[in-house]
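**Student:** Have a look at this one before I ask anything.
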Amino acid sequence: MLLLAVVAVATLAANSARQLRFMAVAFFAVALAANLIDDGQLSATQLAVAGVAAFVSATIVYIAARDPRFGEDPGWRLPVATIVAAATTAATFSFLRTAAGEDIRIELLGEDPSGVTTEVAAFWLLSSGIAILLTARGAVRGSLGALLMLTGTQLLVRLVPGPHLALTLLLSWLQVVVALAGAFLILNQRAVREAA
Amino acid sequence: MIAVVILLAVAALAAFAIRKNIALVGLLTAGAFLGAIALVASTPVDDTGELLDLAWRLSPLGRLAALVLLSTLLLLVIAVWIDEPAYNFFPTALAVGAAAMAVLVLTTPIAIYAALLLALLVPVGSFTFQVDRNRSAEAAYRHFSFVALGGCLGITALALAGTLSREQPTNTFVLLVVILVVAFALKLAAIPFHTHAALLATEVPTAALALYFGVLVPTTFIAFAQILTLSGLLPEIVQIGKVQDLLLALGVVSAVGGAFLATGSTELRRVAVYSVISNLGQSLVGIATLSGPGIVGALATAIVSGAAATQQLLAVGTLERRSAGGKPSAAAAPLAALAFVIGGFAMIGAPPLVAFPGHFFVGLIAYSYSGTIGTLLVIATLGVLVAQLRAAMAIFGTAPVRWRVERRPVAGVVGVVVFAALLAGGLQPDGFLQPIADFADEFLRALHPL
C-alpha cells in the first residue's frame, strides 16, 4: 500500500514537472516503486530485468534533455490529467473487481498476494499515461505518457499466468524502444523548433 | 525459427554500427534477408520449439507470410540501396524483419502483441527526414502516440482477459474485446483512426511509407487474426453480436471511406495509402463475418495489398524524384509509372492476379451476410478503381516525344517482379490460399471449441 502511494506521488511529480530531466527521474521512481510492489508474482531475475529497463529508459530520456532547463510546462494539462486518471482508476477498478467478486484485504506494509495493489497501480498508471498522452503537445509529455502506460501494462501482465520471464524481457525491451523512439522524437522536435 | 529472428536482430545491430557505409550496409542487409528467406523456406511447416518457456511454431500461414514479407523487405532494401541511399533505413528494415518474424512464429498472444509493437515503433527513425523542411517529425510523433496508445490498451485487454475468470458478466468481455478491436484499428489506420496515416502519407519518405504499408500493416492484420484465435476471446465474440457489428461497421467505414478519400486525392502517395486502407476495411469485414471464406479472403487481401502498396509507393518515390519537384509524370520515369499502374490492378483485386480470390471471397461472403454490406464493398472497390484510373491518367497525361526507360529503373523492375509474382500466384492460387485456409480452420476451431 505504501508503494502504491509512492507510485501515485511520483506520477504526479512527473506529470507536474517542467524540466524533462526531472520527469525522467520521477519516472524512474514510478517504475521502481511499481516493480517493487510485492504480489508474489515477480522473481528476483524479473525484478532485475524490469529495474534495469526502467533505469535505461529513464537515462535515455534524461540524456535526450541535453540541458537542465529543457522541458514543457504542463499548464492546465496537470489538473485535467490528474482528475481524469483518478476518476478512471476508480471506475475501472470497481468495474473489474466487482466482476471478480473477491474479498479485498489491504495492508499498509508487507506483501499483497491478492494483487489488488498491483491492479490499482496498473490502472492508475494506465489512465495517467493515457491522459498525459492525449493532452500532450509534443514528444516531451508524449514520451512520459507512453512510458507510464507501458509501466502500468507491465504490472497487469505480471498477473497473467504464463512464461513470466520471457514476457518481462519482451516488455522491458519494448520500454527501452519506447524511450529511444521518444528521445529521438524529442531531439527532432527540438531541432525543428530551434530552426524556426 | 527463432534462428531467423536472431539472425535478423544481430544483423540489425551490425547494420546500425556500419550504417554510414551504404555499400557495405546494403550488402549486409540484402545478405541477411536472403539468408532469412532461405532458412524459412527450408524449415518444415509446423516446426515448433520453446525459448524461455515461450512457445513458437511455424504455421502454414506464418511460413507463407514470412516468405512474402521477407521478400518484400529484400526488394525494398535493394531499391533503397541502389536508388535512394538512406542510411538509417537498413537497420530499421532488419529490425522490422526480426520483429515481424517474431510476430509470425510466437504463440502467446501478449508476446505476439509486444513483438508487433516493437516492429511498429522501430520505423519512427526512418519516418523522420529533413525535419526543418516538412512535418515528418510531427507525423512520426503522431504515429508513435497512436502505436503507444493502441499497444498498451491492447496488451491491457489481453492481460485482463487472461486473469479474469470466465464467469464474468457479458459486459466485461464486451469491454475487453471492444478495447482490443479499437487498439488494432488505431494501428491499422482504419477510418476514423487514420489521421496519423494521412500525415505519414504526405510527409515521410516513400521507402519508409512502403515499409509501413507494405510490411507492417499486413503484419498487424495477421497478428490481429492470430491474437483473436489464440486469446480465447472468440467464443465470447460469437455470443455477443455487438462486437461482430462493431467490426463490420469499422470495416465498412474503412472500405468506403478509404475509397472515397483515394478518389478525391490528387497525390499519388495518398491514392496508394488510401487504397490500402480501403482494402484493409474489406479485410476487416471478411474477419467480422467469422466464416471460412471471409477469413481466407481477409488475409489474402491484406497480404496482397501490402505487396501492391510496396510496388506503388516505390514507384511514386521514383516518379517524385525524377520529376524534380514538378508534377509526377511518366515522361520522367516510364517504367516506374508502369509499375504504379500495374500495382493498381492488384489493389482493385483484378483477375488473373492472386489479388482476385481474396476480394472475391470477401465480396461473396459479405453479400451472403447482408446485401447492403456487399453493395457497399462493391462501391468501395469501384471507388478504388476510379482513384487508380485517375492517378494513371494523371501520370500518363503528358506524353514525351520519345519513350525511354529511365536510368537505374529499380522501382520499375521491383514493380515488374511483384506483378510477376502476383500473376504466378493467380495462375496457381492453391499454393497461396491453402496455408491461409489452414489458418481459417484453426480460427473456426477456436470459434467453436468442443
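To be explicit about the labels: the chains of the C-alpha cells are called A, B, and onward in the order shown, and within each one the residues are counted from 1, while ligands get numbers from 1 in the order they are shown.
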Tell me which protein, DNA and RNA residues are within 7 Å of A:Gly145, counting only C-alpha atoms, leaving out same-chain ones fewer than 5 positions away, and put them as a PyMOL selection string.

**Tutor:** chain A and resi 129-130+132-133

**Student:** Run DSSP on the backbone of this structure and report the residues of stretch 10-141 of chain A it assigns to helix (DSSP H, G or I), as JSON, numbers by chain.

**Tutor:** {"A": [10, 11, 12, 13, 14, 15, 16, 20, 21, 22, 23, 24, 25, 26, 27, 28, 29, 30, 31, 32, 33, 34, 35, 36, 44, 45, 46, 47, 48, 49, 50, 51, 52, 53, 54, 55, 56, 57, 58, 59, 60, 61, 62, 63, 64, 65, 77, 78, 79, 80, 81, 82, 83, 84, 85, 86, 87, 88, 89, 90, 91, 92, 93, 94, 95, 96, 97, 98, 99, 100, 116, 117, 118, 119, 120, 121, 122, 123, 124, 125, 126, 127, 128, 129, 130, 131, 132, 133, 134, 135, 139, 140, 141]}

**Student:** What are the residues of chain B lining chain A at 7 Å or less? Count only C-alpha atoms, and put the answer as a list in words.

**Tutor:**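 The contacting residues on chain B are Leu52, Asp53, Leu54, Ala111, Ala114, Leu118, Leu121, Val124, Val131, Asp132, Ala137, Tyr141, Ser145, Ala148, Leu149, Cys152, Ile155, Thr156, Ala159, Gly162, Thr163, Leu164, Gln168 and Pro169 of chain B.
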
**Student:** Filtering to C-alpha atoms, could you give me those residues as a PDB file, in the first residue's frame?

**Tutor:**
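Printed below is again.pdb as written:
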```pdb
ATOM      1  CA  LEU B  52      12.382 -19.199 -22.032  1.00  0.00           C
ATOM      2  CA  ASP B  53       9.074 -21.110 -21.818  1.00  0.00           C
ATOM      3  CA  LEU B  54       7.807 -19.047 -24.744  1.00  0.00           C
ATOM      4  CA  ALA B 111       4.193 -11.879 -26.684  1.00  0.00           C
ATOM      5  CA  ALA B 114       4.705  -6.947 -27.698  1.00  0.00           C
ATOM      6  CA  LEU B 118       8.469  -3.317 -31.346  1.00  0.00           C
ATOM      7  CA  LEU B 121       7.967   1.596 -33.148  1.00  0.00           C
ATOM      8  CA  VAL B 124       9.945   6.077 -36.174  1.00  0.00           C
ATOM      9  CA  VAL B 131      12.809  17.882 -40.251  1.00  0.00           C
ATOM     10  CA  ASP B 132      13.297  21.583 -40.855  1.00  0.00           C
ATOM     11  CA  ALA B 137       8.740  14.885 -37.172  1.00  0.00           C
ATOM     12  CA  TYR B 141       5.266  11.668 -33.287  1.00  0.00           C
ATOM     13  CA  SER B 145       1.408   8.179 -29.977  1.00  0.00           C
ATOM     14  CA  ALA B 148       1.827   3.511 -27.835  1.00  0.00           C
ATOM     15  CA  LEU B 149      -1.822   4.171 -27.041  1.00  0.00           C
ATOM     16  CA  CYS B 152      -0.835  -0.515 -24.262  1.00  0.00           C
ATOM     17  CA  ILE B 155      -1.962  -5.650 -24.111  1.00  0.00           C
ATOM     18  CA  THR B 156      -4.062  -4.483 -21.155  1.00  0.00           C
ATOM     19  CA  ALA B 159      -3.835  -9.308 -19.773  1.00  0.00           C
ATOM     20  CA  GLY B 162      -6.134 -13.754 -19.162  1.00  0.00           C
ATOM     21  CA  THR B 163      -6.559 -13.018 -15.456  1.00  0.00           C
ATOM     22  CA  LEU B 164     -10.311 -12.650 -15.045  1.00  0.00           C
ATOM     23  CA  GLN B 168     -17.792 -12.605 -15.745  1.00  0.00           C
ATOM     24  CA  PRO B 169     -20.790 -10.525 -16.725  1.00  0.00           C
TER      25      PRO B 169
END
```

**Student:** I'd like the contact shell of B:Val68 - 10 Å cut-off, only C-alpha atoms, skipping same-chain residues fewer than 2 positions apart - returned as a list in words.

**Tutor:**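 Once the nearby chain positions are removed, what remains is Ile37, Gly62, Arg63, Leu64, Ala65, Ala66, Leu70, Ser71, Thr72, Leu73, Leu74, Val215, Ile303, Val304, Gly306, Ala307 and Ala421 of chain B.
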
**Student:** Selection from above, C-alpha atoms, as a PDB file, in the first residue's frame, can you write it?

**Tutor:**
```pdb
ATOM      1  CA  ILE B  37      14.343 -16.356 -46.658  1.00  0.00           C
ATOM      2  CA  GLY B  62       3.316 -17.981 -40.726  1.00  0.00           C
ATOM      3  CA  ARG B  63       5.569 -19.565 -43.351  1.00  0.00           C
ATOM      4  CA  LEU B  64       3.677 -18.010 -46.266  1.00  0.00           C
ATOM      5  CA  ALA B  65       3.534 -14.571 -44.654  1.00  0.00           C
ATOM      6  CA  ALA B  66       7.203 -14.778 -43.636  1.00  0.00           C
ATOM      7  CA  LEU B  70      10.850 -11.002 -46.070  1.00  0.00           C
ATOM      8  CA  SER B  71      10.857 -10.905 -49.890  1.00  0.00           C
ATOM      9  CA  THR B  72       9.097  -7.523 -49.775  1.00  0.00           C
ATOM     10  CA  LEU B  73      11.723  -6.265 -47.334  1.00  0.00           C
ATOM     11  CA  LEU B  74      14.500  -7.571 -49.581  1.00  0.00           C
ATOM     12  CA  VAL B 215       5.159  -4.872 -44.428  1.00  0.00           C
ATOM     13  CA  ILE B 303      -1.123  -9.719 -47.722  1.00  0.00           C
ATOM     14  CA  VAL B 304      -1.570  -8.873 -51.419  1.00  0.00           C
ATOM     15  CA  GLY B 306       0.889  -4.963 -48.816  1.00  0.00           C
ATOM     16  CA  ALA B 307       2.788  -6.195 -51.877  1.00  0.00           C
ATOM     17  CA  ALA B 421       4.807 -12.932 -58.517  1.00  0.00           C
TER      18      ALA B 421
END
```

**Student:** Could you work out how far atom CA of B:Val5 lies from atom CA of A:Thr59, giving the answer in Å with one decimal?

**Tutor:**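 One can read the atom CA of A:Thr59 to atom CA of B:Val5 distance as 27.5 Å.
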
**Student:** I'd like the neighbourhood of B:Thr229 as number ranges by chain, where a residue qualifies if any of its atoms comes within 8 Å (using only C-alpha atoms), though same-chain residues fewer than 3 positions away should be ignored.

**Tutor:** B: 225-226, 232-234, 442-443, 446-447

**Student:** At a cut-off of 9 Å, using only C-alpha atoms, what residues contact B:Pro409? Leave out same-chain residues fewer than 2 positions from it and give the result as a VMD selection string.

**Tutor:** chain B and resid 83 318 333 to 336 405 to 407 411 to 414

**Student:** What's the separation between atom CA of B:Leu284 and atom CA of B:Tyr367, in Å to one decimal place?

**Tutor:**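 Taking atom CA of B:Leu284 as the start and atom CA of B:Tyr367 as the end point, the length is 14.6 Å.
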
**Student:** Residues at most 8 Å from B:Leu7, counting only C-alpha atoms, excluding those fewer than 4 positions away in the same chain, as a compact mmCIF listing (two decimals) with C-alpha atoms, in the first residue's frame?

**Tutor:**
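Generated file (selection-v4.txt):
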```txt
# COMPACT_ATOMS: atom_id res chain seq x y z
CA ALA B 3 17.31 -18.57 -35.53
CA ALA B 11 22.26 -8.12 -38.49
CA ALA B 32 20.75 -11.19 -44.13
CA ALA B 36 16.46 -15.48 -43.60
CA ALA B 98 13.15 -9.63 -36.90
```

**Student:** Rounded to one decimal in Å, what is the spacing between atom CA of A:Thr11 and atom CA of B:Glu138?

**Tutor:** 25.9 Å
